[in-house]
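To start, the structure itself, in structure tokens.
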Amino acid sequence: MSTPNPQPDPSPKATQPPPLKDWPLWEVFVRSKQGLEHKHCGSLHASDARHALQMARDVYTRRQEGVSIWVVPSNSITASNPDDKDALFEPAADKIYRHPTFYDIPDEVGHM
Amino acid sequence: MASHYQDYLLHLADNALILGQRNAQWCGHGPVLEEDLALANNSLDLIGQARLLYQHVVTVRRDGKSSEDLLAYFRDVPDFKNYTLLELPHSTALAPTAAAERDYAVTIARNFLYSALMVLVWDGLKSSGDAQLAAIAAKSLKETSYHLRHAHDWLLRLGDGTAESHARMQAAVDHLLPYTQEFFAPSAMETAVIKAGLGVATQPLQAAWQAMVDEALAQATLTRPAVAGHVSTGKIGVHSEHLGFVLAEMQSLARAHPEAVW
């Protein structure tokens, strides 16, 4: 199985999945229980979405981590540039008043 | 009757153990990391099923001399009652050597053919007169349904994939399908446990199994070979030459260090 076919198929079908080494990358999100959000837990290579879902089940939910899985093509994610981190995030550092920590919460409200 | 029922439980257990051991041979050698994990998961499910069934045999025997480890590691080839299909190597070669490359198509075809049968058998065994077996069947059905989905998915991908994957998948199906005749061949053990309401008759399941196989093969653009010739007899303890090698590898450690504990 691991030896590549030395003679590529001369007539590949239009819908043919990509060869193994070209499987795209997928990001995997798992919801640990009902009511909670899906959390990013890792990534994997798979030939299509259905395949990615199945592999995510086998790779990331072996220890009862989840009740639901999302997979997203990694190249669909637009990410911020790490070099922009000072400009993007540092201005928030000295604005502690944005945290709602200056209120007295009545005991009856309980945990928030 | 009691001995037929123990044999039947051993048959179910040995099926799971031997296929689990076979599939575990891919551990660390899977075609891709994710498949390596998937097959190892599959094996752990099967070995878990085998453990529950062996433990149940020990309970049923009540002789104080059996244990699940003795049943798994200290019986020899003629004592094992698994289908011959499950002990065959991962290869279509008639005389494979250790160096012969494992073929994932054979692994997938076997898992598909066996899981398609077992979803029907476990479903039937949920109404076994033996409550413990019924509970084991309910648990196993969930696991086997996933094994079937996994194998079915790959059967389609490989069958309807490249020229090479198609050819290998077809060769695997041609190689393995004759061994499925054993699924539906009557045996004294099965006749007795069906009569007692403890086991499930496989003959009435054949049409449903055949429909599942035919539909999957058609979707995978594969053809079903005509099946005839020798009917294998693993379930009555008469095996191919391959089981001895599986047992040698599986049992050697336990036999070298009897009663060793973790």
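Chain lettering (A, B, ...) mirrors the order of the structure tokens, residue numbering begins at 1 for each chain separately, and ligand numbering begins at 1 in order of display.
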*Give me, as JSON, numbers by chain, the contact residues of chain B against chain A at a cut-off of 7 Å, counting only C-alpha atoms.*
{"B": [31, 34, 37, 38, 103, 104, 161, 162, 163]}
Please dump the current selection as a tab-separated table (two decimals), in the first residue's frame; keep N, CA and C atoms.
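File written: selection_12.tsv
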```tsv
chain	number	residue	atom	x	y	z
B	31	PRO	N	-1.58	2.83	6.72
B	31	PRO	CA	-1.25	3.64	5.54
B	31	PRO	C	-1.10	5.12	5.86
B	34	GLU	N	-4.05	8.46	10.73
B	34	GLU	CA	-5.44	8.41	11.16
B	34	GLU	C	-6.01	7.00	11.00
B	37	LEU	N	-4.75	4.66	13.74
B	37	LEU	CA	-5.55	4.81	14.96
B	37	LEU	C	-6.92	4.15	14.79
B	38	ALA	N	-7.53	4.32	13.62
B	38	ALA	CA	-8.87	3.77	13.40
B	38	ALA	C	-8.85	2.25	13.53
B	103	ASP	N	-1.88	-5.93	2.39
B	103	ASP	CA	-2.70	-5.16	1.46
B	103	ASP	C	-3.93	-4.64	2.20
B	104	TYR	N	-4.05	-3.34	2.27
B	104	TYR	CA	-5.15	-2.74	3.03
B	104	TYR	C	-6.50	-3.11	2.43
B	161	GLY	N	-11.88	4.19	-6.84
B	161	GLY	CA	-10.76	5.12	-6.77
B	161	GLY	C	-9.93	5.09	-8.04
B	162	THR	N	-8.66	4.77	-7.89
B	162	THR	CA	-7.77	4.71	-9.06
B	162	THR	C	-7.84	3.30	-9.66
B	163	ALA	N	-7.22	3.14	-10.83
B	163	ALA	CA	-7.20	1.82	-11.47
B	163	ALA	C	-6.54	0.81	-10.53
```
_Contacts of range 5-15 of chain B within 9 Å, only C-alpha atoms, excl. fewer than 4 positions in-chain, as a PyMOL selection string_ = chain B and resi 1+19-20+46-47+49-54+56-57+60-61+71-72+80-83+86-87+133+189-190+192-193+198-199+235-236
Using C-alpha atoms, can you write the selected residues to a file as a CSV table (one decimal), in the first residue's frame?
```csv
chain,number,residue,atom,x,y,z
B,1,MET,CA,-26.6,-28.6,25.2
B,19,LEU,CA,-9.9,-10.5,13.9
B,20,GLY,CA,-8.8,-8.0,16.6
B,46,LEU,CA,-13.1,-6.4,19.2
B,47,ILE,CA,-10.8,-7.5,22.0
B,49,GLN,CA,-16.0,-8.0,23.0
B,50,ALA,CA,-13.9,-11.1,23.2
B,51,ARG,CA,-13.1,-10.4,26.9
B,52,LEU,CA,-16.8,-10.0,27.8
B,53,LEU,CA,-17.6,-13.2,26.1
B,54,TYR,CA,-14.7,-15.2,27.6
B,56,HIS,CA,-19.2,-15.1,30.4
B,57,VAL,CA,-17.9,-18.5,29.4
B,60,VAL,CA,-21.3,-20.4,32.6
B,61,ARG,CA,-18.8,-23.1,33.2
B,71,LEU,CA,-9.2,-19.3,27.2
B,72,ALA,CA,-7.4,-16.7,25.0
B,80,PHE,CA,-10.6,-22.1,18.4
B,81,LYS,CA,-14.0,-21.7,16.8
B,82,ASN,CA,-13.6,-18.5,14.8
B,83,TYR,CA,-14.5,-18.3,11.1
B,86,LEU,CA,-10.8,-14.0,10.1
B,87,GLU,CA,-7.5,-15.8,10.5
B,133,LEU,CA,-25.3,-12.4,26.1
B,189,MET,CA,-23.4,-26.2,17.8
B,190,GLU,CA,-25.6,-23.5,16.1
B,192,ALA,CA,-28.6,-26.6,19.3
B,193,VAL,CA,-28.3,-23.0,20.6
B,198,LEU,CA,-30.0,-18.6,23.1
B,199,GLY,CA,-28.4,-18.1,19.7
B,235,LYS,CA,-16.2,-22.5,13.5
B,236,ILE,CA,-16.0,-26.3,14.2
```
ask   = Tell me, which residues of chain A carry DSSP helix (DSSP H, G or I), written as an MDAnalysis selection string?
value = chainID A and resid 20:22 49:60 74:76 82:92 96:98 107:109
Give me, as a ChimeraX atom specification, all polymer residues having an atom no more than 10 Å from Gln34 in chain A, counting only C-alpha atoms and skipping those fewer than 6 positions away in the same chain. /A:66-68
Selection from above, N, CA and C atoms, as a compact mmCIF listing (two decimals), in the first residue's frame, can you write it?
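out.txt was written with the following content:
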```txt
# COMPACT_ATOMS: atom_id res chain seq x y z
N GLY A 66 -16.13 13.81 23.20
CA GLY A 66 -17.13 14.63 22.54
C GLY A 66 -18.48 14.01 22.26
N VAL A 67 -19.44 14.90 21.94
CA VAL A 67 -20.76 14.48 21.50
C VAL A 67 -21.06 15.03 20.10
N SER A 68 -20.17 15.86 19.57
CA SER A 68 -20.39 16.44 18.25
C SER A 68 -19.04 16.90 17.68
```
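Taking CA of Leu117 in chain B and CA of Leu205 in chain B as endpoints, the distance between them is 7.9 Å.
Scanning chain A with DSSP on the backbone, the strand (DSSP E) assignments fall on Leu25, Trp26, Glu27, Val28, Phe29, Val30, Arg31, His38, Lys39, His40, Cys41, Gly42, Ser43, Leu44, His45, Ser68, Ile69, Trp70, Val71, Val72 and Pro73 of chain A.
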For the residues selected in the previous step, produce a file with C-alpha atoms as a tab-separated table (two decimals), in the first residue's frame.
```tsv
chain	number	residue	atom	x	y	z
A	25	LEU	CA	-5.60	19.79	6.01
A	26	TRP	CA	-8.75	20.06	8.15
A	27	GLU	CA	-9.23	21.76	11.50
A	28	VAL	CA	-11.22	19.74	14.01
A	29	PHE	CA	-13.63	21.20	16.59
A	30	VAL	CA	-15.20	19.00	19.26
A	31	ARG	CA	-18.12	19.77	21.55
A	38	HIS	CA	-17.28	23.39	19.93
A	39	LYS	CA	-13.61	23.84	20.76
A	40	HIS	CA	-10.67	23.57	18.45
A	41	CYS	CA	-8.72	20.44	19.31
A	42	GLY	CA	-6.34	19.85	16.41
A	43	SER	CA	-6.03	19.13	12.74
A	44	LEU	CA	-5.66	16.20	10.38
A	45	HIS	CA	-5.24	15.30	6.72
A	68	SER	CA	-20.39	16.44	18.25
A	69	ILE	CA	-17.62	17.16	15.74
A	70	TRP	CA	-17.08	19.95	13.22
A	71	VAL	CA	-14.41	19.86	10.54
A	72	VAL	CA	-13.37	22.91	8.53
A	73	PRO	CA	-10.88	23.08	5.66
```
Report as a PDB file with C-alpha atoms, in the first residue's frame all protein, DNA and RNA residues lying within 10 Å of Ala171 in chain B, evaluated on only C-alpha atoms, omitting residues in the same chain fewer than 2 positions from it.
```
ATOM      1  CA  SER B  91      -2.871 -10.530   1.555  1.00  0.00           C
ATOM      2  CA  THR B  92      -4.349 -12.166  -1.506  1.00  0.00           C
ATOM      3  CA  ALA B 105      -7.792  -3.787   0.499  1.00  0.00           C
ATOM      4  CA  VAL B 106      -7.903  -7.256   2.082  1.00  0.00           C
ATOM      5  CA  ALA B 109     -12.887  -6.290   2.490  1.00  0.00           C
ATOM      6  CA  SER B 165      -7.010   0.622  -5.919  1.00  0.00           C
ATOM      7  CA  HIS B 166      -9.941  -0.773  -7.907  1.00  0.00           C
ATOM      8  CA  ALA B 167      -7.931  -3.795  -9.032  1.00  0.00           C
ATOM      9  CA  ARG B 168      -6.669  -4.498  -5.515  1.00  0.00           C
ATOM     10  CA  MET B 169     -10.124  -4.120  -3.998  1.00  0.00           C
ATOM     11  CA  VAL B 173     -13.231  -9.408  -2.659  1.00  0.00           C
ATOM     12  CA  ASP B 174     -12.601 -12.296  -5.086  1.00  0.00           C
ATOM     13  CA  HIS B 175     -10.149 -13.820  -2.623  1.00  0.00           C
ATOM     14  CA  LEU B 176     -12.289 -13.511   0.509  1.00  0.00           C
ATOM     15  CA  LEU B 222     -16.909  -3.868  -8.062  1.00  0.00           C
ATOM     16  CA  PRO B 225     -17.643 -13.183  -7.987  1.00  0.00           C
TER      17      PRO B 225
END
```
